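Visitor: Sharing a structure below in structure tokens format, with a few things to ask.
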Amino acid sequence: MAVAMASLSTGVHLNCNYSSRSFLIPLSSGSFVNGSFGFSFGSKRFYIIPKERMLSSTIVPRASSSTAVEDGSHSETDSIPIPKVIIDQDSDPNATVVEITFGDRLGALLDTMDALKNLGLNVVKANVYLDSSGKHNKFAITRADTGRKVENPELLEAIRLTIINNLIEYHPESSSQLAMGVAFGIVPPKQEVDVDIATHISISDDGPDRSLLYVETADRPGLLVDLVKIITEIDIAVESGEFDTEGLLAKAKFHVSYKGKALIKPLQQVIANSLRYFLRRPTTEESSF
């Protein structure tokens, strides 16, 4: 990703109308933010604000279209597919590729593209294809100010949360299959993911100059930013990668190196232990759910 980790400011505060409790997710800088679920870039700030009675959620910026072009027409008895959002930094050297799948339920996703544009992004290419797993919507996006792919982890996380929020907005049934459904979906997931069981970390050589780090764990807002921060704090360079949201799980692949070389075994162990400790440790906020 060629990630620069200067002054991270992403923070999340989720306040559910169906519960008297609220919870905070810490900023990457170690402080906390009060208010609605939000993230900021420079002087701009964006919020996700639960609607009345949690019928759906709204993200600012969001599409201005009054027509719900992303709605599907499926009965409640249909089997709900697993939503997938893939942020791919590898397949295109000039753009960030985003892929969204939710069985065959997705429409044209015009509102999602508008919401991405409101984040200061250009959708330079979009296509749809079908296979046995459903309809795949793929976007190639770049920053509007530079014309280059997105490398800032905060903005990448904002892209992911914007897409997931729109998915819940237009397909409320997806909230039961997404970790974000606990916070602002109409139906929370039926079962909670055991982080100890769900967390898997592996590191393998990816040539002489870099290694491939794979992390699978329970999803939550801000996870992408926190993973990159933990890795870079150990002086590991994150060159590029892929971040997948698959239902309640997040799966990340990062190309990493240390001083231009692949990671030696002792350093691999340090990274793996640091990530396991970070992902599995209970926090004050999590214990108050």
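Labels used: A, B, ... for chains in the order of the structure tokens, numbers from 1 for residues in each chain, and numbers from 1 for ligands as shown.
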List the spatial neighbours of Phe139 (chain A) as a PyMOL selection string - criterion: any atom at most 6 Å away, only C-alpha atoms, same-chain residues fewer than 4 positions off excluded.

Guide: chain A and resi 97-98+125-126

Visitor: From region 65-205 of chain A, collect each residue whose DSSP state is helix (DSSP H, G or I) and return the set as a PyMOL selection string.

Guide: chain A and resi 110-117+153-170+172-177+181-184+195-198

Visitor: Given the choices A:Leu267, A:Leu130, A:Ile201, A:Ile186, which gets closest to Tyr170 (chain A) if the distance is worked out from only C-alpha atoms?

Guide: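 Under the stated criterion, the closest residue is A:Ile186.
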
Visitor: Closest to Asp88 (chain A) among A:Arg220, A:Arg143, A:Lys253, A:Arg210, using only C-alpha atoms?

Guide: A:Lys253

Visitor: At a cut-off of 8 Å, using only C-alpha atoms, what residues contact region 155-167 of chain A? Leave out same-chain residues fewer than 2 positions from it and give the result as a list in words.

Guide: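 Near region 155-167 of chain A, the qualifying residues are Phe39, Phe41, Ser57, Thr58, Ile59, Val85, Ile87, Asp111, Thr112, Ala115, Leu116, Leu119, Val150, Glu151, Asn152, Pro153, Glu169, Tyr170, His171, Pro172, Ser174, Met180, Pro221, Gly222, Leu223, Leu224 and Val225 of chain A.
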
Visitor: Counting only C-alpha atoms, which residue out of A:Thr96, A:Tyr277, A:Ser202, A:Pro208 sits closest to Lys251 (chain A)?

Guide: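 For Lys251 (chain A), the nearest of the given residues is A:Ser202.
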
Visitor: Closest to Val123 (chain A) among A:Arg105, A:Lys135, A:Lys149, A:His255, using only C-alpha atoms?

Guide: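 Of A:Arg105, A:Lys135, A:Lys149, A:His255, the one nearest Val123 (chain A), counting only C-alpha atoms, is A:Lys149.
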